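Q: Dropping in run29.txt, with compact mmCIF, C-alpha atoms.
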# COMPACT_ATOMS: atom_id res chain seq x y z
CA MET A 1 -36.25 -2.75 -0.59
CA GLN A 2 -36.00 -0.67 2.57
CA ALA A 3 -34.62 2.86 3.05
CA ASP A 4 -31.53 1.36 4.72
CA ASP A 5 -30.80 -0.48 1.46
CA TYR A 6 -30.80 2.79 -0.49
CA PHE A 7 -28.34 4.31 1.97
CA ALA A 8 -26.13 1.21 1.89
CA ILE A 9 -26.10 1.25 -1.93
CA GLN A 10 -25.12 4.92 -1.96
CA ASN A 11 -22.33 4.24 0.53
CA VAL A 12 -20.96 1.47 -1.70
CA LEU A 13 -21.03 3.82 -4.70
CA PHE A 14 -19.39 6.68 -2.83
CA SER A 15 -16.64 4.40 -1.47
CA TYR A 16 -15.18 4.18 -4.98
CA PRO A 17 -14.19 7.88 -5.32
CA PHE A 18 -12.67 7.94 -1.84
CA ALA A 19 -10.52 4.89 -2.57
CA LEU A 20 -9.50 5.99 -6.06
CA ASP A 21 -8.70 9.56 -5.02
CA ALA A 22 -6.57 8.20 -2.16
CA GLY A 23 -4.59 6.08 -4.63
CA ASP A 24 -5.77 2.95 -2.81
CA PHE A 25 -6.05 0.72 -5.86
CA ASP A 26 -6.30 -2.43 -3.74
CA ALA A 27 -9.44 -0.99 -2.10
CA VAL A 28 -10.83 -0.21 -5.57
CA GLY A 29 -10.09 -3.84 -6.50
CA GLU A 30 -11.94 -5.11 -3.44
CA LEU A 31 -14.89 -2.81 -4.08
CA LEU A 32 -15.22 -4.02 -7.69
CA GLY A 33 -13.86 -7.51 -7.08
CA ASP A 34 -17.24 -9.23 -7.50
CA ALA A 35 -17.98 -7.33 -10.70
CA ILE A 36 -17.50 -7.63 -14.39
CA VAL A 37 -16.07 -4.18 -15.15
CA TYR A 38 -16.46 -2.63 -18.59
CA SER A 39 -14.61 0.45 -19.78
CA GLY A 40 -14.84 1.90 -23.27
CA GLY A 41 -17.01 -1.02 -24.34
CA ALA A 42 -14.43 -3.68 -23.40
CA VAL A 43 -14.05 -5.92 -20.35
CA MET A 44 -11.47 -4.40 -18.03
CA ALA A 45 -11.72 -7.12 -15.37
CA ASP A 46 -13.98 -10.07 -14.63
CA ARG A 47 -14.64 -10.70 -10.92
CA ASP A 48 -10.97 -10.42 -10.04
CA PRO A 49 -9.93 -7.88 -7.39
CA ALA A 50 -6.24 -8.12 -8.34
CA ALA A 51 -7.02 -7.49 -12.02
CA VAL A 52 -9.14 -4.44 -11.14
CA ALA A 53 -6.39 -3.04 -8.90
CA ALA A 54 -3.73 -3.69 -11.55
CA ALA A 55 -5.77 -2.02 -14.29
CA PHE A 56 -6.14 1.16 -12.25
CA ARG A 57 -2.55 1.04 -10.95
CA ASN A 58 -1.21 0.66 -14.50
CA TRP A 59 -3.33 3.47 -15.98
CA VAL A 60 -3.54 6.15 -13.28
CA ILE A 61 -0.53 8.39 -12.66
CA THR A 62 0.20 8.90 -8.97
CA TYR A 63 2.32 11.58 -7.34
CA PRO A 64 4.82 11.59 -4.43
CA ASP A 65 1.94 11.71 -1.93
CA GLY A 66 0.68 8.40 -3.41
CA THR A 67 -2.50 9.90 -4.87
CA PRO A 68 -3.56 10.88 -8.39
CA ARG A 69 -4.42 14.34 -7.00
CA THR A 70 -8.02 13.96 -8.16
CA ARG A 71 -11.56 14.31 -6.91
CA HIS A 72 -14.14 12.03 -8.49
CA MET A 73 -17.56 13.62 -7.99
CA LEU A 74 -20.61 11.37 -8.36
CA ALA A 75 -23.98 12.97 -9.02
CA ASN A 76 -27.44 12.27 -10.41
CA VAL A 77 -27.51 8.90 -8.64
CA MET A 78 -30.63 6.94 -9.57
CA ILE A 79 -31.32 3.65 -7.79
CA VAL A 80 -33.89 1.33 -9.35
CA PRO A 81 -34.80 -1.79 -7.33
CA GLU A 82 -34.98 -5.08 -9.21
CA GLY A 83 -36.40 -7.14 -6.38
CA GLU A 84 -35.49 -7.32 -2.73
CA ASP A 85 -31.76 -8.01 -3.17
CA ARG A 86 -30.91 -6.48 -6.56
CA ALA A 87 -30.71 -2.98 -7.99
CA ARG A 88 -29.56 -1.03 -11.03
CA VAL A 89 -27.87 2.30 -10.44
CA SER A 90 -26.90 5.06 -12.83
CA SER A 91 -24.74 8.03 -11.94
CA TYR A 92 -22.68 10.80 -13.47
CA VAL A 93 -18.99 11.25 -12.72
CA MET A 94 -16.80 14.32 -13.13
CA VAL A 95 -13.10 14.10 -12.34
CA PHE A 96 -11.14 17.16 -11.27
CA GLN A 97 -7.38 17.15 -10.92
CA GLN A 98 -4.69 19.46 -9.69
CA ALA A 99 -1.33 17.93 -10.54
CA GLU A 100 1.75 19.45 -8.92
CA ASP A 101 2.59 21.56 -11.96
CA GLY A 102 -0.89 22.51 -13.14
CA PRO A 103 -4.14 24.25 -12.28
CA LEU A 104 -7.24 22.63 -10.85
CA ALA A 105 -9.16 21.44 -13.90
CA PRO A 106 -11.86 19.02 -14.98
CA VAL A 107 -10.12 16.19 -16.82
CA ILE A 108 -12.89 13.73 -17.68
CA GLY A 109 -16.64 13.34 -17.37
CA GLY A 110 -18.89 10.41 -17.88
CA ASP A 111 -21.31 8.04 -16.27
CA TYR A 112 -21.56 4.66 -14.60
CA LEU A 113 -24.19 1.98 -14.90
CA ASP A 114 -23.98 -0.46 -12.02
CA ARG A 115 -25.79 -3.62 -11.02
CA LEU A 116 -25.70 -4.48 -7.35
CA GLU A 117 -26.72 -7.53 -5.35
CA LYS A 118 -27.13 -7.97 -1.63
CA ARG A 119 -24.93 -10.90 -0.60
CA ASP A 120 -24.60 -12.09 2.99
CA GLY A 121 -26.31 -8.89 4.12
CA ARG A 122 -23.96 -6.56 2.18
CA TRP A 123 -24.57 -4.72 -1.09
CA ARG A 124 -21.91 -5.51 -3.70
CA ILE A 125 -21.34 -4.17 -7.20
CA VAL A 126 -21.59 -7.15 -9.56
CA GLU A 127 -21.37 -5.25 -12.84
CA ARG A 128 -20.02 -1.80 -13.67
CA THR A 129 -20.03 -0.12 -17.04
CA MET A 130 -17.91 3.03 -17.12
CA GLY A 131 -18.54 5.55 -19.85
CA ASN A 132 -16.45 8.64 -20.50
CA ASP A 133 -17.77 11.00 -23.13
CA ILE A 134 -16.27 14.34 -22.07
CA VAL A 135 -12.48 14.26 -22.18
CA GLY A 136 -10.13 17.06 -21.21
CA ASP A 137 -6.37 17.11 -20.69
CA LEU A 138 -5.48 13.68 -19.33
CA SER A 139 -1.71 14.09 -19.71
CA ARG A 140 -1.19 14.34 -15.93
CA HIS A 141 -3.80 11.70 -15.08
CA GLY A 142 -3.40 8.59 -17.21
CA ARG A 143 -0.82 6.57 -19.12
CA ASP A 144 -2.66 5.07 -22.11
CA PHE A 145 -5.07 7.42 -23.82
CA GLY A 146 -6.02 4.78 -26.39
CA THR A 147 -8.10 3.03 -23.72
CA ILE A 148 -10.40 6.04 -23.41
CA LYS A 149 -13.14 5.59 -25.98
CA PRO A 150 -15.93 8.18 -25.86
CA THR A 151 -18.94 6.19 -24.68
CA ARG A 152 -21.98 6.59 -22.47
CA ALA A 153 -22.83 3.88 -19.96
CA ASN A 154 -26.46 4.94 -19.63
CA GLY A 155 -27.29 6.37 -23.01
CA ALA A 156 -28.75 9.84 -22.78
CA LYS A 157 -31.77 9.10 -20.63
CA PRO A 158 -32.39 8.22 -16.99
CA LEU A 159 -33.13 4.70 -15.78
CA ALA A 160 -36.79 3.75 -15.80
CA GLY A 161 -38.17 2.21 -12.62
Would you mind giving the structure from this file in structure tokens?
A:
Amino acid sequence: MQADDYFAIQNVLFSYPFALDAGDFDAVGELLGDAIVYSGGAVMADRDPAAVAAAFRNWVITYPDGTPRTRHMLANVMIVPEGEDRARVSSYVMVFQQAEDGPLAPVIGGDYLDRLEKRDGRWRIVERTMGNDIVGDLSRHGRDFGTIKPTRANGAKPLAG
């Protein structure tokens, strides 16, 4: 794996917060459209961009500007190559929100465990496990709180190379 691959993988990962925070659920669907997506230990979507987009559209509350008024911050990104065209990636996520009638506040924290493959020269997420183990006030962010099950995607330790 070359340095350019690491940068490309990071750019794929960081595309997700930009799309989600913009309320562009179709872009989220395209980004995760090649992936089996797990949330709370259950399959949320299986290689279906429309199903991914619908899951986010149905859960996330948006405001008159079309956005959820959030900032998803990814950190502690660890990329572990698994050959020339495959990688595992773990990262932390913290979501901040300022809804129209509330203060800026952290609403949920967790982690992602991703598997990526390079296909036709492009890195694609082929599996995402989303864990959320720190939950704040989601009343202005989501519609079905029963889907949030406190889990960790990565356990409590970093990926081993």
Q: Go ahead and compute the interatomic distance for atom CA of Phe96 of chain A and atom CA of Tyr63 of chain A, in Å to one decimal.
A: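 Atom-to-atom, atom CA of Phe96 of chain A to atom CA of Tyr63 of chain A, that is 15.1 Å.
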Q: Would you mind reading off the distance between atom CA of His72 of chain A and atom CA of Leu159 of chain A, one decimal, in Å?
A: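 Between these atoms lies a distance of 21.6 Å.
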Q: Show me, as a PyMOL selection string, the residues that have an atom within 8 Å of Val89 of chain A when counting only C-alpha atoms, minus same-chain residues fewer than 4 positions from it.
A: chain A and resi 77-80+112-116+159
Q: Can you work out which one of A:Asn11, A:Ser139, A:Ser39, A:Thr129 has the shortest atom-to-atom distance to Asp101 of chain A, counting only C-alpha atoms?
A: A:Ser139
Q: Just to confirm, what's the straight-line distance from atom CA of His141 of chain A to atom CA of Val60 of chain A in Å (one decimal)?
A: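 Distance reported for this atom pair: 5.8 Å.
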Q: Might you pull out every residue within 8 Å of Ala35 of chain A, with only C-alpha atoms counted and same-chain residues fewer than 3 positions away left off, and present them as a PyMOL selection string?
A: chain A and resi 32+45-48+125-128
Q: Taking every listed atom of segment 2-11 of chain A and adding 6 Å to each side, what centre and edge lengths in Å (one decimal) does the axis-aligned box have, as AutoDock Vina command-line options?
A:
--center_x -29.2 --center_y 2.1 --center_z 1.4 --size_x 25.7 --size_y 17.6 --size_z 18.7
Q: Go through A:Ile134, A:Arg124, A:Arg69, A:Phe7 and flag the residue nearest Val107 of chain A, using only C-alpha atoms for the distances.
A: A:Ile134
Q: Find the residues around Leu20 of chain A up to 12 Å (all atoms listed in the file counted), leave out those fewer than 6 positions away in its own chain, and share them as a CSV table (one decimal) with C-alpha atoms, in the frame of the given file.
A:
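Final file, out.csv:
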chain,number,residue,atom,x,y,z
A,13,LEU,CA,-21.0,3.8,-4.7
A,14,PHE,CA,-19.4,6.7,-2.8
A,26,ASP,CA,-6.3,-2.4,-3.7
A,27,ALA,CA,-9.4,-1.0,-2.1
A,28,VAL,CA,-10.8,-0.2,-5.6
A,29,GLY,CA,-10.1,-3.8,-6.5
A,30,GLU,CA,-11.9,-5.1,-3.4
A,31,LEU,CA,-14.9,-2.8,-4.1
A,32,LEU,CA,-15.2,-4.0,-7.7
A,52,VAL,CA,-9.1,-4.4,-11.1
A,53,ALA,CA,-6.4,-3.0,-8.9
A,56,PHE,CA,-6.1,1.2,-12.2
A,57,ARG,CA,-2.6,1.0,-11.0
A,59,TRP,CA,-3.3,3.5,-16.0
A,60,VAL,CA,-3.5,6.2,-13.3
A,61,ILE,CA,-0.5,8.4,-12.7
A,62,THR,CA,0.2,8.9,-9.0
A,66,GLY,CA,0.7,8.4,-3.4
A,67,THR,CA,-2.5,9.9,-4.9
A,68,PRO,CA,-3.6,10.9,-8.4
A,69,ARG,CA,-4.4,14.3,-7.0
A,70,THR,CA,-8.0,14.0,-8.2
A,71,ARG,CA,-11.6,14.3,-6.9
A,72,HIS,CA,-14.1,12.0,-8.5
A,73,MET,CA,-17.6,13.6,-8.0
A,95,VAL,CA,-13.1,14.1,-12.3
Q: Could you tell me which of A:Asn58, A:Arg122, A:Gln97, A:Gly110 comes closest to Met44 of chain A if we count only C-alpha atoms?
A: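 Between A:Asn58, A:Arg122, A:Gln97, A:Gly110, the residue approaching Met44 of chain A most closely is A:Asn58.
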Q: Residues within 12 Å of Arg152 of chain A, please, as a VMD selection string. Count only C-alpha atoms; anything in the same chain fewer than 5 positions from it doesn't count.
A: chain A and resid 38 to 41 90 to 93 109 to 113 129 to 134 157 to 158
Q: Ranking A:Leu138, A:Met1, A:Pro17, A:Thr151 by minimum distance to Ala75 of chain A and counting all atoms listed in the file, which one comes first?
A: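 Ranking A:Leu138, A:Met1, A:Pro17, A:Thr151 by distance to Ala75 of chain A, first place goes to A:Pro17.
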Q: Please determine, counting only C-alpha atoms, which residue among A:Gly102, A:Ala50, A:Ala22, A:Arg88 has the shortest atom-to-atom distance to Trp123 of chain A.
A: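 So, comparing all the options, the nearest one is A:Arg88.
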Q: Enumerate, as a PDB file with C-alpha atoms, in the frame of the given file, the protein, DNA and RNA residues whose atoms approach (-11.9, 16.3, -20.3) to within 6 Å, taking into account only C-alpha atoms and the coordinate frame of the file.
A:
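Saved result, part_12.pdb, follows:
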ATOM      1  CA  PRO A 106     -11.860  19.020 -14.980  1.00  0.00           C
ATOM      2  CA  VAL A 107     -10.120  16.190 -16.820  1.00  0.00           C
ATOM      3  CA  ILE A 108     -12.890  13.730 -17.680  1.00  0.00           C
ATOM      4  CA  ILE A 134     -16.270  14.340 -22.070  1.00  0.00           C
ATOM      5  CA  VAL A 135     -12.480  14.260 -22.180  1.00  0.00           C
ATOM      6  CA  GLY A 136     -10.130  17.060 -21.210  1.00  0.00           C
ATOM      7  CA  ASP A 137      -6.370  17.110 -20.690  1.00  0.00           C
TER       8      ASP A 137
END
Q: Using only C-alpha atoms, find the one residue out of A:Phe18, A:Asn76, A:Gly23, A:Ala42 that sits nearest to Asn154 of chain A.
A: A:Asn76
